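Content type compact mmCIF, C-alpha atoms, from the file final16.txt:
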```txt
# COMPACT_ATOMS: atom_id res chain seq x y z
CA MET A 1 0.00 0.00 0.00
CA SER A 2 2.92 2.26 0.49
CA GLY A 3 5.05 3.69 -2.29
CA ASN A 4 5.82 6.86 -4.17
CA GLY A 5 5.29 5.96 -7.79
CA THR A 6 8.19 6.33 -10.17
CA THR A 7 10.62 8.97 -11.40
CA ALA A 8 13.26 8.98 -14.11
CA ALA A 9 15.91 8.25 -11.46
CA ASP A 10 14.20 5.13 -10.14
CA ASP A 11 15.59 1.62 -10.39
CA PRO A 12 14.26 0.04 -13.62
CA LEU A 13 13.08 -3.01 -11.68
CA GLN A 14 11.12 -0.89 -9.22
CA THR A 15 9.67 1.15 -12.06
CA ALA A 16 8.44 -2.03 -13.74
CA VAL A 17 7.01 -3.35 -10.48
CA TRP A 18 5.19 -0.09 -9.84
CA ARG A 19 3.68 0.05 -13.33
CA LEU A 20 2.37 -3.49 -13.07
CA ARG A 21 1.07 -2.99 -9.54
CA SER A 22 -0.73 0.23 -10.43
CA ARG A 23 -2.51 -1.57 -13.28
CA ALA A 24 -3.76 -4.41 -11.07
CA CYS A 25 -1.11 -6.88 -12.29
CA TRP A 26 0.13 -7.91 -8.85
CA ALA A 27 1.12 -11.46 -9.81
CA ASP A 28 3.20 -10.19 -12.73
CA ALA A 29 4.85 -7.61 -10.48
CA ALA A 30 5.60 -10.22 -7.83
CA ALA A 31 7.13 -12.52 -10.46
CA LEU A 32 9.81 -9.88 -11.11
CA LEU A 33 11.02 -10.08 -7.52
CA VAL A 34 13.32 -12.90 -6.44
CA PRO A 35 12.73 -13.45 -2.68
CA ALA A 36 16.41 -13.98 -1.93
CA THR A 37 16.65 -11.08 0.55
CA ALA A 38 14.35 -9.87 3.30
CA ALA A 39 13.58 -6.66 1.40
CA ALA A 40 12.62 -8.45 -1.81
CA ALA A 41 10.60 -11.08 0.03
CA LEU A 42 8.72 -8.41 1.98
CA GLN A 43 7.94 -6.44 -1.15
CA ARG A 44 6.75 -9.56 -2.94
CA ALA A 45 4.54 -10.52 0.00
CA ALA A 46 3.09 -7.00 0.18
CA LEU A 47 2.11 -7.14 -3.49
CA LEU A 48 0.33 -10.46 -3.07
CA VAL A 49 -1.41 -9.35 0.11
CA GLU A 50 -2.64 -6.23 -1.68
CA ARG A 51 -3.95 -8.43 -4.51
CA CYS A 52 -6.10 -10.30 -1.98
CA LEU A 53 -7.77 -7.10 -0.84
CA TYR A 54 -8.49 -5.89 -4.36
CA THR A 55 -9.45 -9.18 -6.02
CA GLU A 56 -10.59 -11.44 -3.12
CA GLN A 57 -8.31 -14.12 -4.60
CA GLY A 58 -4.78 -15.49 -4.13
CA TRP A 59 -4.93 -16.06 -0.38
CA GLU A 60 -2.69 -19.15 -0.30
CA GLU A 61 -0.04 -17.56 -2.50
CA ALA A 62 0.00 -14.52 -0.23
CA GLU A 63 0.35 -16.76 2.84
CA ASP A 64 3.27 -18.60 1.26
CA ALA A 65 5.02 -15.34 0.31
CA LEU A 66 4.46 -13.99 3.79
CA ARG A 67 5.96 -17.06 5.44
CA THR A 68 9.05 -16.64 3.25
CA ALA A 69 9.32 -12.98 4.23
CA GLU A 70 8.95 -13.83 7.92
CA ALA A 71 11.67 -16.47 7.65
CA LEU A 72 14.11 -14.04 6.04
CA ALA A 73 13.40 -11.13 8.41
CA HIS A 74 16.15 -10.60 10.98
CA SER A 75 16.20 -6.94 12.05
CA ASP A 76 13.44 -5.32 14.08
CA ASP A 77 12.45 -3.24 11.05
CA GLU A 78 12.17 -6.35 8.88
CA ARG A 79 10.25 -8.32 11.50
CA GLY A 80 8.01 -5.34 12.12
CA ALA A 81 7.27 -4.94 8.41
CA ALA A 82 6.48 -8.65 8.10
CA ALA A 83 4.15 -8.48 11.11
CA CYS A 84 2.45 -5.46 9.55
CA GLU A 85 1.78 -7.46 6.37
CA ARG A 86 0.58 -10.43 8.45
CA GLY A 87 -1.90 -8.17 10.21
CA TYR A 88 -3.06 -6.64 6.96
CA LEU A 89 -3.71 -10.02 5.38
CA ALA A 90 -5.73 -11.09 8.42
CA TYR A 91 -7.63 -7.79 8.27
CA ALA A 92 -8.43 -8.30 4.58
CA ALA A 93 -9.68 -11.85 5.17
CA THR A 94 -11.95 -10.61 7.95
CA LEU A 95 -13.21 -7.55 6.07
CA LEU A 96 -14.08 -9.55 2.96
CA GLY A 97 -15.80 -12.33 4.89
CA VAL A 98 -13.31 -15.07 3.99
CA ARG A 99 -12.68 -15.95 7.65
CA ASP A 100 -12.80 -14.05 10.92
CA ARG A 101 -9.15 -13.35 11.67
CA SER A 102 -9.71 -10.12 13.58
CA ASP A 103 -7.80 -11.31 16.68
CA GLU A 104 -4.85 -12.29 14.50
CA ALA A 105 -4.95 -8.90 12.76
CA ARG A 106 -4.85 -7.00 16.06
CA ALA A 107 -2.12 -9.22 17.50
CA ALA A 108 0.12 -8.96 14.44
CA LEU A 109 -0.26 -5.18 14.19
CA GLY A 110 0.42 -4.89 17.91
CA ARG A 111 3.58 -6.95 17.44
CA ALA A 112 4.62 -4.65 14.61
CA ALA A 113 4.05 -1.61 16.83
CA ALA A 114 6.43 -3.09 19.42
CA LEU A 115 9.12 -3.52 16.75
CA LEU A 116 8.73 -0.27 14.78
CA PRO A 117 9.47 2.83 16.87
CA PRO A 118 7.73 6.17 16.18
CA GLY A 119 9.47 7.84 13.25
CA ALA A 120 10.53 4.57 11.62
CA ALA A 121 9.95 4.35 7.89
CA GLY A 122 7.27 1.68 8.24
CA ARG A 123 5.45 3.25 11.18
CA ALA A 124 3.12 5.45 9.11
CA LEU A 125 1.82 2.47 7.15
CA LEU A 126 1.37 0.55 10.40
CA ASP A 127 -0.58 3.43 11.94
CA PHE A 128 -2.82 3.55 8.87
CA ARG A 129 -3.58 -0.17 9.07
CA ARG A 130 -4.32 0.06 12.77
CA GLY A 131 -6.76 2.80 11.85
CA LEU A 132 -8.44 0.48 9.36
CA VAL A 133 -8.88 -2.17 12.05
CA ALA A 134 -10.29 0.42 14.48
CA GLN A 135 -12.70 1.74 11.86
CA ASN A 136 -13.88 -1.42 10.15
CA LEU A 137 -13.43 -4.23 12.67
CA SER A 138 -13.74 -2.47 16.03
CA GLU A 139 -16.20 0.26 14.96
CA ALA A 140 -14.17 2.85 16.86
CA PRO A 141 -14.15 5.97 14.65
CA GLN A 142 -12.34 8.18 17.18
CA ALA A 143 -9.46 5.72 17.51
CA ALA A 144 -9.44 5.34 13.72
CA ARG A 145 -9.22 9.10 13.22
CA ALA A 146 -6.29 9.38 15.64
CA ALA A 147 -4.45 6.56 13.88
CA PHE A 148 -5.14 8.01 10.43
CA ARG A 149 -3.84 11.40 11.57
CA ARG A 150 -0.63 9.84 12.87
CA ALA A 151 -0.28 7.99 9.56
CA HIS A 152 -0.92 11.20 7.63
CA ALA A 153 1.79 13.03 9.57
CA GLY A 154 4.23 10.15 9.08
CA ALA A 155 3.49 9.87 5.36
CA THR A 156 4.07 13.62 5.02
CA ALA A 157 7.38 13.41 6.90
CA HIS A 158 8.60 10.55 4.68
CA ASP A 159 7.07 11.98 1.48
CA ASP A 160 5.06 8.80 0.89
CA GLN A 161 2.59 10.15 -1.62
CA LEU A 162 0.66 6.95 -2.16
CA LEU A 163 0.06 6.48 1.55
CA LEU A 164 -1.02 10.13 1.73
CA SER A 165 -3.68 9.37 -0.87
CA PHE A 166 -5.05 6.71 1.48
CA THR A 167 -4.92 8.83 4.63
CA TRP A 168 -6.65 11.72 2.83
CA ARG A 169 -9.33 9.31 1.62
CA HIS A 170 -10.05 7.70 4.97
CA LEU A 171 -10.01 10.93 6.95
CA ALA A 172 -12.43 12.30 4.37
CA GLY A 173 -14.65 9.25 4.79
CA LEU A 174 -14.88 9.89 8.53
CA ALA A 175 -15.66 13.55 7.87
CA LEU A 176 -18.45 12.57 5.47
CA ARG A 177 -20.00 10.28 8.08
CA GLU A 178 -20.14 13.26 10.44
CA GLY A 179 -21.74 15.52 7.83
CA GLU A 180 -18.62 17.63 7.23
CA LEU A 181 -19.20 17.82 3.49
CA ALA A 182 -16.62 20.48 2.59
CA GLU A 183 -13.87 18.72 4.56
CA ALA A 184 -14.81 15.39 2.98
CA ARG A 185 -14.82 16.84 -0.53
CA HIS A 186 -11.39 18.37 0.00
CA GLY A 187 -9.90 15.11 1.30
CA PHE A 188 -11.38 13.00 -1.48
CA ALA A 189 -10.19 15.51 -4.08
CA GLU A 190 -6.65 15.42 -2.67
CA SER A 191 -6.67 11.62 -2.72
CA LEU A 192 -7.81 11.57 -6.34
CA ARG A 193 -5.25 14.20 -7.36
CA ILE A 194 -2.36 12.23 -5.89
CA ARG A 195 -3.47 8.94 -7.45
CA GLU A 196 -3.84 10.53 -10.86
CA GLU A 197 -0.41 12.17 -10.57
CA LEU A 198 1.20 8.87 -9.55
CA GLY A 199 -0.63 6.91 -12.24
CA TYR A 200 -2.16 4.61 -9.60
CA LEU A 201 -4.94 3.40 -11.87
CA VAL A 202 -6.24 0.62 -9.63
CA GLY A 203 -6.96 3.14 -6.90
CA THR A 204 -8.41 5.85 -9.12
CA ALA A 205 -11.91 4.42 -9.60
CA PRO A 206 -12.58 4.18 -5.83
CA ALA A 207 -11.32 7.74 -5.44
CA LEU A 208 -13.68 8.94 -8.16
CA VAL A 209 -16.66 7.21 -6.53
CA SER A 210 -15.86 8.70 -3.13
CA LEU A 211 -15.57 12.20 -4.56
CA ALA A 212 -18.85 11.70 -6.43
CA ASP A 213 -20.58 11.10 -3.09
CA THR A 214 -19.80 14.71 -2.12
CA GLU A 215 -20.76 16.35 -5.43
CA THR A 216 -24.06 17.46 -6.95
CA GLU A 217 -25.35 16.61 -10.41
CA PRO A 218 -24.22 16.51 -13.14
CA GLU A 219 -20.68 16.29 -11.71
CA ALA A 220 -21.51 13.29 -9.51
CA SER A 221 -22.74 11.26 -12.48
CA ARG A 222 -19.73 12.27 -14.57
CA LEU A 223 -17.33 11.06 -11.87
CA ARG A 224 -19.17 7.75 -11.45
CA GLU A 225 -19.18 7.11 -15.19
CA GLU A 226 -15.43 7.72 -15.34
CA ALA A 227 -15.05 5.27 -12.44
CA ARG A 228 -17.09 2.66 -14.34
CA ARG A 229 -14.86 3.09 -17.38
CA LEU A 230 -11.70 2.50 -15.32
CA PHE A 231 -13.32 -0.39 -13.45
CA ARG A 232 -14.11 -2.15 -16.75
CA LEU A 233 -10.66 -1.32 -18.13
CA LEU A 234 -9.02 -3.11 -15.19
CA GLY A 235 -11.24 -6.17 -15.48
CA GLY A 236 -13.56 -5.48 -12.57
CA VAL A 237 -10.95 -4.59 -9.96
CA PRO A 238 -11.31 -3.77 -7.12
CA THR A 239 -14.07 -6.34 -6.86
CA TRP A 240 -15.80 -4.67 -3.92
CA LEU A 241 -16.41 -1.54 -5.99
CA ALA A 242 -18.94 -3.37 -8.20
CA ARG A 243 -21.73 -2.82 -5.67
CA GLN A 244 -21.15 0.94 -5.60
CA LEU A 245 -20.99 1.19 -9.37
CA ALA A 246 -24.14 -0.82 -10.07
CA PRO A 247 -26.72 1.34 -11.88
CA PRO A 248 -29.70 2.34 -9.74
CA THR A 249 -32.64 -0.04 -9.90
CA ALA A 250 -35.45 1.30 -12.08
CA THR A 251 -38.79 1.85 -10.40
CA ALA A 252 -42.21 1.81 -12.01
```
Could you spell out this file's structure in structure tokens?
Amino acid sequence: MSGNGTTAADDPLQTAVWRLRSRACWADAAALLVPATAAAALQRAALLVERCLYTEQGWEEAEDALRTAEALAHSDDERGAAACERGYLAYAATLLGVRDRSDEARAALGRAAALLPPGAAGRALLDFRRGLVAQNLSEAPQAARAAFRRAHAGATAHDDQLLLSFTWRHLAGLALREGELAEARHGFAESLRIREELGYLVGTAPALVSLADTETEPEASRLREEARRLFRLLGGVPTWLARQLAPPTATA
């Protein structure tokens, strides 16, 4: 979930991985990475875990990749990053109704928090994922907001633009639930802007739909139609967006 997109100075391998990932080709991106080091194994596992959340498929492959990453992790940062991915996979399985792994998600993210000190490179992503658990599994919006704000500050400090697009989006979602329409619109617009600038296509359709929820017609319909176009282009990914993009049921 974390990453900054690509620049001309980037490693060609990382540029290729990013381009495939952003176009919903996680398996192809993962195939470019040889899990011979902890860093490569962690990145490969993260790609396959992300695929599970977006496609609701590939759970066993993600588990296998994660076990490899855990076996190769030796430093606290590496072990913390692996625990963060373990917690995220358990969160995704719970959220999507595959299996209730909420206790595992909380335990793994707690273990990551013990290994990653405040200010560490991976701490912002961890804070964001703890916010997701608080919001969607624990139904604790205040705790979620605090975690998202910590993640937002950390992503800003480390210039993690992709993570910023997620923190903007989720803080905006909380604002919308509380009726703060202008704040929500601003956050969703920032999230969409960043994703378009990074070329993060797989995350652009959800951002368009969220922004549409804060707009009036005809702009709302225009944004949703653009989201449908991207959704079809990427083969129906993310799968959970299909319900939001379904045309309204006609009434007699």
Rounded to one decimal place, report the atom CA of A:Ala153-atom CA of A:Ala207 distance in Å.
20.6 Å
In Å to one decimal, how far is atom CA of A:Ile194 from atom CA of A:Ser165?
5.9 Å
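Considering the residues A:Gly154, A:Gly110, A:Pro118, A:Gly97 and counting all atoms listed in the file, A:Leu137 has its shortest atom-to-atom contact with A:Gly97.
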Show me, as number ranges by chain, the residues that have an atom within 12 Å of A:Arg44 when counting only C-alpha atoms, minus same-chain residues fewer than 2 positions from it.
A: 14, 17-18, 21, 26-42, 46-51, 61-70, 82, 85
Please provide as number ranges by chain all residues within 12 Å of stretch 211-226 of chain A, with the sequence filter that same-chain residues fewer than 6 positions apart are discarded (counting only C-alpha atoms).
A: 168-170, 172-173, 175-177, 179-193, 201, 204-205, 232-233, 241-242, 244-248
Would you save the residues from that selection as a compact mmCIF listing (two decimals), in the frame of the given file, using C-alpha atoms?
```txt
# COMPACT_ATOMS: atom_id res chain seq x y z
CA TRP A 168 -6.65 11.72 2.83
CA ARG A 169 -9.33 9.31 1.62
CA HIS A 170 -10.05 7.70 4.97
CA ALA A 172 -12.43 12.30 4.37
CA GLY A 173 -14.65 9.25 4.79
CA ALA A 175 -15.66 13.55 7.87
CA LEU A 176 -18.45 12.57 5.47
CA ARG A 177 -20.00 10.28 8.08
CA GLY A 179 -21.74 15.52 7.83
CA GLU A 180 -18.62 17.63 7.23
CA LEU A 181 -19.20 17.82 3.49
CA ALA A 182 -16.62 20.48 2.59
CA GLU A 183 -13.87 18.72 4.56
CA ALA A 184 -14.81 15.39 2.98
CA ARG A 185 -14.82 16.84 -0.53
CA HIS A 186 -11.39 18.37 0.00
CA GLY A 187 -9.90 15.11 1.30
CA PHE A 188 -11.38 13.00 -1.48
CA ALA A 189 -10.19 15.51 -4.08
CA GLU A 190 -6.65 15.42 -2.67
CA SER A 191 -6.67 11.62 -2.72
CA LEU A 192 -7.81 11.57 -6.34
CA ARG A 193 -5.25 14.20 -7.36
CA LEU A 201 -4.94 3.40 -11.87
CA THR A 204 -8.41 5.85 -9.12
CA ALA A 205 -11.91 4.42 -9.60
CA ARG A 232 -14.11 -2.15 -16.75
CA LEU A 233 -10.66 -1.32 -18.13
CA LEU A 241 -16.41 -1.54 -5.99
CA ALA A 242 -18.94 -3.37 -8.20
CA GLN A 244 -21.15 0.94 -5.60
CA LEU A 245 -20.99 1.19 -9.37
CA ALA A 246 -24.14 -0.82 -10.07
CA PRO A 247 -26.72 1.34 -11.88
CA PRO A 248 -29.70 2.34 -9.74
```
Anything within 8 Å of (-9.7, -9.7, -8.7): list those residues as a short mmCIF file (atom, residue, chain, number, x, y, z; two decimals) with C-alpha atoms, in the frame of the given file, counting only C-alpha atoms and sticking to the file's coordinates.
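Result went into part.cif, see below:
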```cif
data_model
loop_
_atom_site.label_atom_id
_atom_site.label_comp_id
_atom_site.auth_asym_id
_atom_site.auth_seq_id
_atom_site.Cartn_x
_atom_site.Cartn_y
_atom_site.Cartn_z
CA ARG A 51 -3.95 -8.43 -4.51
CA CYS A 52 -6.10 -10.30 -1.98
CA TYR A 54 -8.49 -5.89 -4.36
CA THR A 55 -9.45 -9.18 -6.02
CA GLU A 56 -10.59 -11.44 -3.12
CA GLN A 57 -8.31 -14.12 -4.60
CA GLY A 235 -11.24 -6.17 -15.48
CA GLY A 236 -13.56 -5.48 -12.57
CA VAL A 237 -10.95 -4.59 -9.96
CA PRO A 238 -11.31 -3.77 -7.12
CA THR A 239 -14.07 -6.34 -6.86
#
```
Exercise: A:Phe148 partners within 12 Å, all atoms listed in the file, chain neighbours under 3 positions left out, as JSON, numbers by chain
{"A": [123, 124, 125, 126, 127, 128, 129, 130, 131, 132, 133, 134, 135, 141, 142, 143, 144, 145, 151, 152, 153, 154, 155, 163, 164, 165, 166, 167, 168, 169, 170, 171, 172, 173, 174]}
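Among the candidate residues A:Asp76, A:Glu60, A:Asp159, A:Glu178, the one lying nearest to A:Ala113 is A:Asp76, with distances computed using only C-alpha atoms.
When atom CA of A:Ala93 is paired with atom CA of A:Gly58, their separation reads 11.1 Å.
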Got a sec: who's within 12 Å of stretch 98-100 of chain A, counting all atoms listed in the file, leaving out chain neighbours fewer than 2 positions off, as a PyMOL selection string?
chain A and resi 52-53+56-59+89-96+102-106+137
